[in-house]
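Take a look at the structure set out below.
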Amino acid sequence: MASLSTGLVIVHGNRMEDLREVMLSWLQSHPLPPLTPEVILVQSNGMKQWLVQSMAQHLGISAGVELYLPSEFVWRAYRQVLGNQQVPKQMAFDKAPLTWRIYRLLDWVLTCNDTAYQPLQHYLAVTEQQDERRFQLATQIADLYDQYQTYRADWISDWSKGLDQIINQQGSATPLNEQSWQAALWRALQQDISQLGQSQTS
């Protein structure tokens with residue numbers, strides 16, 4: 001095993017598979033001490049699952065690995081630096097609690113008079129397997145908001161201010177129109193969390 005000094009290695013590539021092979025080869029060549037977990041940051045939950053499966057196939061086992069989204073990793077760093085008493089264990093907008101919060105709010109959405117929610121109301125109006133459909137919808141929306149918090153923080157910042165729009169790469173604003181339920185539901189989530197007295201830091 002080659003000795004390592006502190007440093008930073010940046011590897012660029014257009015193919016995720018090639019970058020994965022470089023990373024896995026590096027992990028095999030430079031294993032950490034026993035019981036020390038590898039900490040890996042990923043850009044999405046889908047990539048997390050793909051990488052775990054790839055590691056199991058390539059290394060024979062996928063153990064002692066902690067994979068985090070950037071927001072999760074930063075939140076853990078806050079807790080380590082500021083202390084567990086100052087920072088809650090989970091972010092209010094973490095995907096897992098967010099899923100159940102959305103699931104509960106979808107009951108309110110069904111009876112809400114806000115026309116922005118009509119696409120959701122239409123989807124939820126189907127009576128067959130309604131609870132299952134509601135949970136699947138809550139999961140998909142939570143995943144969507146989870147991605148926005150990392151990659152489109154400018155969108156949800158605007159939505160929090162009542163601006164139902166998205167900003168493109170050129171900096172132009174486009175109205176959400178039939179997708180305005182995303183902004184409306186985000187504001188409803190913020191209000192719900194505030195009423196429960198939880199921190200909205202994300």
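So you can find residues: chains in the structure tokens are A, B, ... in the order shown, residues in each start at 1, and ligands are numbered from 1 in order.
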Segment 81-119 of chain A near segment 130-133 of chain A within 12 Å: what's each residue's closest atom pair and its distance in Å to one decimal, counting only C-alpha atoms, ordered by chain then ascending residue number, as a Markdown table?
| residue | atom | partner | partner_atom | distance |
| --- | --- | --- | --- | --- |
| A:Tyr103 | CA | A:Asp131 | CA | 9.3 |
| A:Arg104 | CA | A:Asp131 | CA | 11.0 |
| A:Leu106 | CA | A:Asp131 | CA | 10.6 |
| A:Asp107 | CA | A:Asp131 | CA | 10.5 |
| A:Leu110 | CA | A:Gln130 | CA | 11.9 |
Output file for the selection above: C-alpha atoms, as a JSON list (two decimals), in the first residue's frame:
[["chain", "number", "residue", "atom", "x", "y", "z"],
["A", 103, "TYR", "CA", -48.08, 13.01, 2.50],
["A", 104, "ARG", "CA", -49.96, 14.68, 5.35],
["A", 106, "LEU", "CA", -51.83, 16.23, 0.42],
["A", 107, "ASP", "CA", -55.03, 15.73, 2.46],
["A", 110, "LEU", "CA", -57.41, 17.82, -1.96]]
(message) Which residues are near Asp158 of chain A? Cut-off 12 Å, only C-alpha atoms, ignore same chain within fewer than 3 positions. Put them as a PyMOL selection string.
(response) chain A and resi 148+152-155+161-167+173-176+182-184+186-187
(request) From the DSSP assignment of the backbone, select every residue of segment 129-201 of chain A that is alpha helix (DSSP H), and format the answer as a VMD selection string. (result) chain A and resid 130 to 151 153 to 160 181 to 195
(message) Set the distance at 9 Å and use only C-alpha atoms: which residues neighbour Asn45 of chain A once local chain neighbours fewer than 3 positions away are removed? I'd like the list as a list in words.
(response)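 Listed by chain and then number, they are Val42, Lys48, Gln49, Trp50, Tyr68, Leu69 and Asp143 of chain A.
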Keeping N, CA, C and O atoms, export the residues of the selection given above as a PDB file, in the first residue's frame.
ATOM      1  N   VAL A  42     -22.327  12.331  -3.252  1.00  0.00           N
ATOM      2  CA  VAL A  42     -22.946  12.041  -4.544  1.00  0.00           C
ATOM      3  C   VAL A  42     -23.958  13.131  -4.868  1.00  0.00           C
ATOM      4  O   VAL A  42     -24.416  13.852  -3.978  1.00  0.00           O
ATOM      5  N   LYS A  48     -26.424   7.378  -5.732  1.00  0.00           N
ATOM      6  CA  LYS A  48     -26.043   6.678  -4.504  1.00  0.00           C
ATOM      7  C   LYS A  48     -26.282   5.175  -4.654  1.00  0.00           C
ATOM      8  O   LYS A  48     -25.406   4.360  -4.355  1.00  0.00           O
ATOM      9  N   GLN A  49     -27.466   4.792  -5.132  1.00  0.00           N
ATOM     10  CA  GLN A  49     -27.787   3.382  -5.306  1.00  0.00           C
ATOM     11  C   GLN A  49     -26.901   2.735  -6.373  1.00  0.00           C
ATOM     12  O   GLN A  49     -26.423   1.613  -6.210  1.00  0.00           O
ATOM     13  N   TRP A  50     -26.672   3.448  -7.455  1.00  0.00           N
ATOM     14  CA  TRP A  50     -25.836   2.943  -8.546  1.00  0.00           C
ATOM     15  C   TRP A  50     -24.410   2.695  -8.064  1.00  0.00           C
ATOM     16  O   TRP A  50     -23.794   1.683  -8.385  1.00  0.00           O
ATOM     17  N   TYR A  68     -23.300  10.507   1.039  1.00  0.00           N
ATOM     18  CA  TYR A  68     -24.135  11.639   1.413  1.00  0.00           C
ATOM     19  C   TYR A  68     -24.368  12.549   0.217  1.00  0.00           C
ATOM     20  O   TYR A  68     -23.484  12.706  -0.636  1.00  0.00           O
ATOM     21  N   LEU A  69     -25.535  13.166   0.205  1.00  0.00           N
ATOM     22  CA  LEU A  69     -25.752  14.302  -0.669  1.00  0.00           C
ATOM     23  C   LEU A  69     -25.009  15.491  -0.055  1.00  0.00           C
ATOM     24  O   LEU A  69     -24.767  15.512   1.159  1.00  0.00           O
ATOM     25  N   ASP A 143     -38.421  14.008  -3.399  1.00  0.00           N
ATOM     26  CA  ASP A 143     -37.179  13.833  -4.145  1.00  0.00           C
ATOM     27  C   ASP A 143     -36.903  15.063  -5.012  1.00  0.00           C
ATOM     28  O   ASP A 143     -35.753  15.517  -5.125  1.00  0.00           O
TER      29      ASP A 143
END
(request) Would you mind telling me which residue in A:Asn14, A:Glu66, A:Pro88, A:Gln195 lies nearest to Ile40 of chain A when using only C-alpha atoms? (result)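 Of all the options, A:Glu66 lies closest to Ile40 of chain A.
Listed by chain and then by rising number, the residues of segment 9-193 of chain A that DSSP assigns to strand (DSSP E) from the backbone are A:Glu38, A:Val39, A:Ile40, A:Leu41, A:Val65, A:Glu66, A:Leu67, A:Tyr68, A:Gln165, A:Ile166, A:Ile167, A:Ala173, A:Thr174, A:Pro175.
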How would the residues just picked look written out with N, CA and C atoms as a short mmCIF file (atom, residue, chain, number, x, y, z; two decimals), in the first residue's frame?
data_model
loop_
_atom_site.label_atom_id
_atom_site.label_comp_id
_atom_site.auth_asym_id
_atom_site.auth_seq_id
_atom_site.Cartn_x
_atom_site.Cartn_y
_atom_site.Cartn_z
N GLU A 38 -15.39 5.00 4.58
CA GLU A 38 -15.16 5.87 3.43
C GLU A 38 -16.35 6.82 3.33
N VAL A 39 -16.09 8.09 3.18
CA VAL A 39 -17.15 9.08 3.04
C VAL A 39 -17.15 9.60 1.61
N ILE A 40 -18.28 9.42 0.92
CA ILE A 40 -18.38 9.78 -0.49
C ILE A 40 -19.59 10.68 -0.67
N LEU A 41 -19.40 11.80 -1.38
CA LEU A 41 -20.51 12.70 -1.70
C LEU A 41 -21.01 12.40 -3.10
N VAL A 65 -19.00 2.18 4.04
CA VAL A 65 -19.07 3.32 3.13
C VAL A 65 -20.26 4.19 3.53
N GLU A 66 -20.04 5.48 3.64
CA GLU A 66 -21.11 6.43 3.93
C GLU A 66 -21.24 7.38 2.76
N LEU A 67 -22.40 7.35 2.11
CA LEU A 67 -22.65 8.19 0.95
C LEU A 67 -23.65 9.28 1.32
N TYR A 68 -23.30 10.51 1.04
CA TYR A 68 -24.13 11.64 1.41
C TYR A 68 -24.37 12.55 0.22
N GLN A 165 -41.87 31.38 -10.37
CA GLN A 165 -41.07 31.44 -11.59
C GLN A 165 -39.82 30.58 -11.42
N ILE A 166 -39.17 30.31 -12.56
CA ILE A 166 -37.87 29.66 -12.55
C ILE A 166 -36.91 30.52 -13.37
N ILE A 167 -35.66 30.47 -13.00
CA ILE A 167 -34.64 31.26 -13.69
C ILE A 167 -33.80 30.32 -14.54
N ALA A 173 -36.40 34.99 -16.32
CA ALA A 173 -37.45 34.36 -15.51
C ALA A 173 -38.57 33.84 -16.39
N THR A 174 -39.01 32.61 -16.10
CA THR A 174 -40.12 31.99 -16.82
C THR A 174 -41.21 31.63 -15.82
N PRO A 175 -42.47 32.06 -16.04
CA PRO A 175 -43.55 31.71 -15.10
C PRO A 175 -43.75 30.20 -15.03
#
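Closest approach to Leu59 of chain A among A:Arg76, A:Val81, A:Ser44, A:Gln28 is made by A:Gln28 (distances from only C-alpha atoms).
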(request) Can you work out which one of A:Thr111, A:Arg20, A:Trp100, A:Trp159 has the shortest atom-to-atom distance to Arg134 of chain A, counting only C-alpha atoms? (result)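 For Arg134 of chain A, the nearest of the given residues is A:Trp100.
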(request) Can you work out the spacing between atom CA of Leu8 of chain A and atom CA of Glu21 of chain A in Å, to one decimal? (result) 18.2 Å
(request) Could you jot down the atom CA of Phe73 of chain A to atom CA of Met91 of chain A separation for me, Å, one decimal place? (result)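 About the pair atom CA of Phe73 of chain A and atom CA of Met91 of chain A: they are 11.3 Å apart.
Going from atom CA of Ala116 of chain A over to atom CA of Gln170 of chain A, you cover 26.5 Å.
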Proximity check segment 67-160 of chain A to segment 189-193 of chain A, 12 Å, nearest pairs one decimal Å, only C-alpha atoms, as a tab-separated table:
residue	atom	partner	partner_atom	distance
A:Met91	CA	A:Ile193	CA	11.0
A:Ala92	CA	A:Ile193	CA	7.3
A:Phe93	CA	A:Leu189	CA	8.8
A:Pro97	CA	A:Ile193	CA	11.0
A:Leu98	CA	A:Leu189	CA	8.6
A:Thr99	CA	A:Leu189	CA	10.8
A:Trp100	CA	A:Leu189	CA	11.2
A:Arg101	CA	A:Leu189	CA	7.6
A:Ile102	CA	A:Leu189	CA	7.5
A:Tyr103	CA	A:Leu189	CA	11.0
A:Arg104	CA	A:Leu189	CA	10.4
A:Leu105	CA	A:Leu189	CA	8.0
A:Leu106	CA	A:Leu189	CA	10.8
A:Trp108	CA	A:Asp192	CA	11.5
A:Val109	CA	A:Leu189	CA	11.6
A:Ile141	CA	A:Leu189	CA	11.7
A:Ala142	CA	A:Leu189	CA	10.8
A:Tyr145	CA	A:Leu189	CA	10.8
A:Ile156	CA	A:Gln190	CA	10.8
A:Ser157	CA	A:Gln190	CA	11.5
A:Trp159	CA	A:Gln190	CA	10.6
A:Ser160	CA	A:Gln190	CA	8.1
